[in-house]
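Q: Encoded as structure tokens, here's the structure I'll be asking about.
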Amino acid sequence: MSSPSVTKPGNVEQLALWVQEKTGGELFSIRVTEPYPSDWDECLERANEEKADGARPELVQTVENMEDYDVIFLGYPNWWYSCPTAILSFLEEYDLSGKQIYLFCSHGTGGLASSVEDIRAAIPNSSISEHVFDVYEEDAASSKQDIEIWLEELGY
């Protein structure tokens with residue numbers, strides 16, 4: 001329920017913790033074998049290169065029992081008008097057919113951009129909710145009530 005973060009806790013990590021707190025779900029951090037730089041500009045430069053190359057970074061670990069999950073909350077930051085390529089690495093590693101996917105995103109001025117469409121393309125046989133939670137990066141740390149309302153609207 002989390003994604004690559006540059007700083008601790010990252011915006012998406014904080015959102016994921018609130019989702020976990022409300023739903024009782026398990027947390028899984030999507031981490032790459034070559035960690036992203038902690039310098040924001042260097043991180044975005046690498047993200048841009050990965051996007052341009054269609055890269056699929058190698059992940060540190062996998063979810064051993066993905067078949068046991070019917071619902072997945074997937075959080076990610078918007079990097080270069082989409083999700084990080086590590087998210088696509090994660091999604092393409094599993095058969096998520098028939099699973100209910102809820103997305104939440106922290107972003108800058110780009111909003112969701114093409115991230116939802118890119119995720120749909122990676123997992124076409126999954127049911128991705130149209131009700132996506134997104135928050136401007138500077139508001140993420142103070143959005144606990146907003147994400148709780150979103151979860152209540154989803155039935156959690």
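Naming works like this for the structure tokens: A, B, ... for the chains as they're shown, residue 1 at the start of each chain, ligands 1 onward in shown order.
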Name the residues of region 5-154 of chain A that fall into helix (DSSP H, G or I) according to DSSP on the backbone, using the chain letters and numbers of this document, as JSON, numbers by chain.

A: {"A": [11, 12, 13, 14, 15, 16, 17, 18, 19, 20, 21, 22, 23, 40, 41, 42, 43, 44, 45, 46, 47, 48, 49, 50, 51, 52, 53, 66, 67, 68, 85, 86, 87, 88, 89, 90, 91, 92, 115, 116, 117, 118, 119, 120, 121, 122, 137, 138, 139, 140, 141, 142, 144, 145, 146, 147, 148, 149, 150, 151, 152, 153]}

Q: Now that the selection is made, can you save its residues with C-alpha atoms as a compact mmCIF listing (two decimals), in the first residue's frame?

A:
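out-v3.txt, freshly written:
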```txt
# COMPACT_ATOMS: atom_id res chain seq x y z
CA ASN A 11 3.60 11.87 1.46
CA VAL A 12 2.38 8.58 0.02
CA GLU A 13 3.75 6.62 2.95
CA GLN A 14 1.81 8.87 5.34
CA LEU A 15 -1.36 8.41 3.30
CA ALA A 16 -0.81 4.64 3.28
CA LEU A 17 -0.42 4.60 7.05
CA TRP A 18 -3.77 6.36 7.40
CA VAL A 19 -5.40 3.90 4.97
CA GLN A 20 -3.95 0.99 6.94
CA GLU A 21 -5.12 2.52 10.22
CA LYS A 22 -8.69 2.86 8.93
CA THR A 23 -8.96 -0.44 7.00
CA TRP A 40 14.66 15.72 -5.01
CA ASP A 41 16.11 17.03 -8.29
CA GLU A 42 18.26 13.90 -8.76
CA CYS A 43 15.25 11.72 -7.97
CA LEU A 44 13.10 13.47 -10.57
CA GLU A 45 15.91 13.28 -13.12
CA ARG A 46 16.13 9.52 -12.64
CA ALA A 47 12.34 9.20 -12.77
CA ASN A 48 12.28 11.12 -16.05
CA GLU A 49 14.98 8.86 -17.53
CA GLU A 50 13.12 5.72 -16.42
CA LYS A 51 9.90 6.99 -17.93
CA ALA A 52 11.59 7.90 -21.23
CA ASP A 53 13.26 4.47 -21.38
CA MET A 66 -1.13 -11.91 -3.57
CA GLU A 67 -3.88 -14.42 -4.38
CA ASP A 68 -5.18 -13.98 -0.82
CA THR A 85 7.87 3.11 -13.26
CA ALA A 86 8.44 1.04 -10.10
CA ILE A 87 4.65 0.97 -9.70
CA LEU A 88 4.38 -0.53 -13.18
CA SER A 89 7.07 -3.09 -12.25
CA PHE A 90 4.94 -4.06 -9.28
CA LEU A 91 1.66 -4.26 -11.19
CA GLU A 92 3.11 -6.26 -14.07
CA SER A 115 -1.36 8.05 -13.99
CA VAL A 116 -4.76 6.37 -13.73
CA GLU A 117 -4.82 5.53 -17.45
CA ASP A 118 -1.26 4.16 -17.26
CA ILE A 119 -2.17 1.96 -14.29
CA ARG A 120 -5.34 0.73 -16.08
CA ALA A 121 -3.22 -0.20 -19.11
CA ALA A 122 -0.86 -2.21 -16.89
CA GLU A 137 1.88 17.33 -2.10
CA GLU A 138 1.99 20.35 0.22
CA ASP A 139 -1.42 19.41 1.67
CA ALA A 140 -0.72 15.68 2.09
CA ALA A 141 0.57 15.87 5.68
CA SER A 142 -2.67 17.54 6.81
CA LYS A 144 -5.92 12.68 7.32
CA GLN A 145 -9.55 13.76 7.60
CA ASP A 146 -9.89 13.94 3.81
CA ILE A 147 -8.55 10.42 3.27
CA GLU A 148 -10.77 9.11 6.07
CA ILE A 149 -13.81 10.66 4.35
CA TRP A 150 -12.71 9.05 1.06
CA LEU A 151 -12.43 5.66 2.78
CA GLU A 152 -15.88 6.08 4.36
CA GLU A 153 -17.31 6.87 0.91
```

Q: Give me, as a Markdown table, the closest atom pair and its distance (Å, one decimal) for every residue of region 86-106 of chain A within a cut-off of 10 Å of region 111-114 of chain A, counting only C-alpha atoms, rows sorted by chain and rising number.

A:
```
| residue | atom | partner | partner_atom | distance |
| --- | --- | --- | --- | --- |
| A:Phe104 | CA | A:Leu112 | CA | 9.5 |
| A:Cys105 | CA | A:Leu112 | CA | 7.2 |
| A:Ser106 | CA | A:Gly111 | CA | 8.1 |
```

Q: Since we have the selection now, will you write its residues out, keeping all heavy atoms, as a PDB file, in the first residue's frame?

A:
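Output (again_34.pdb):
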```pdb
ATOM      1  N   PHE A 104      -4.655   6.015  -4.605  1.00  0.00           N
ATOM      2  CA  PHE A 104      -4.476   7.305  -3.950  1.00  0.00           C
ATOM      3  C   PHE A 104      -3.124   7.865  -4.360  1.00  0.00           C
ATOM      4  O   PHE A 104      -2.158   7.131  -4.537  1.00  0.00           O
ATOM      5  CB  PHE A 104      -4.659   7.234  -2.428  1.00  0.00           C
ATOM      6  CG  PHE A 104      -3.771   6.263  -1.694  1.00  0.00           C
ATOM      7  CD1 PHE A 104      -2.607   6.703  -1.064  1.00  0.00           C
ATOM      8  CD2 PHE A 104      -4.110   4.924  -1.597  1.00  0.00           C
ATOM      9  CE1 PHE A 104      -1.811   5.824  -0.353  1.00  0.00           C
ATOM     10  CE2 PHE A 104      -3.315   4.034  -0.883  1.00  0.00           C
ATOM     11  CZ  PHE A 104      -2.157   4.480  -0.261  1.00  0.00           C
ATOM     12  N   CYS A 105      -3.096   9.186  -4.563  1.00  0.00           N
ATOM     13  CA  CYS A 105      -1.945   9.814  -5.198  1.00  0.00           C
ATOM     14  C   CYS A 105      -1.625  11.164  -4.558  1.00  0.00           C
ATOM     15  O   CYS A 105      -2.523  11.950  -4.274  1.00  0.00           O
ATOM     16  CB  CYS A 105      -2.261  10.013  -6.681  1.00  0.00           C
ATOM     17  SG  CYS A 105      -1.022  10.912  -7.620  1.00  0.00           S
ATOM     18  N   SER A 106      -0.347  11.394  -4.368  1.00  0.00           N
ATOM     19  CA  SER A 106       0.153  12.708  -3.956  1.00  0.00           C
ATOM     20  C   SER A 106       0.819  13.314  -5.187  1.00  0.00           C
ATOM     21  O   SER A 106       1.545  12.630  -5.906  1.00  0.00           O
ATOM     22  CB  SER A 106       1.182  12.537  -2.834  1.00  0.00           C
ATOM     23  OG  SER A 106       1.847  13.744  -2.581  1.00  0.00           O
TER      24      SER A 106
END
```

Q: Pick the closest to Val71 (chain A) from A:Gly24, A:Gly54, A:Gln100, A:Tyr136: which is it, counting only C-alpha atoms?

A: A:Gln100

Q: Mind listing the strand (DSSP E) residues of region 36-81 of chain A, per DSSP on the backbone, as a ChimeraX atom specification?

A: /A:71-77

Q: I'd like the interatomic distance between CA of Tyr94 (chain A) and CA of Ser82 (chain A), to a tenth of an Å.

A: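 Separation of CA of Tyr94 (chain A) and CA of Ser82 (chain A): 20.1 Å.
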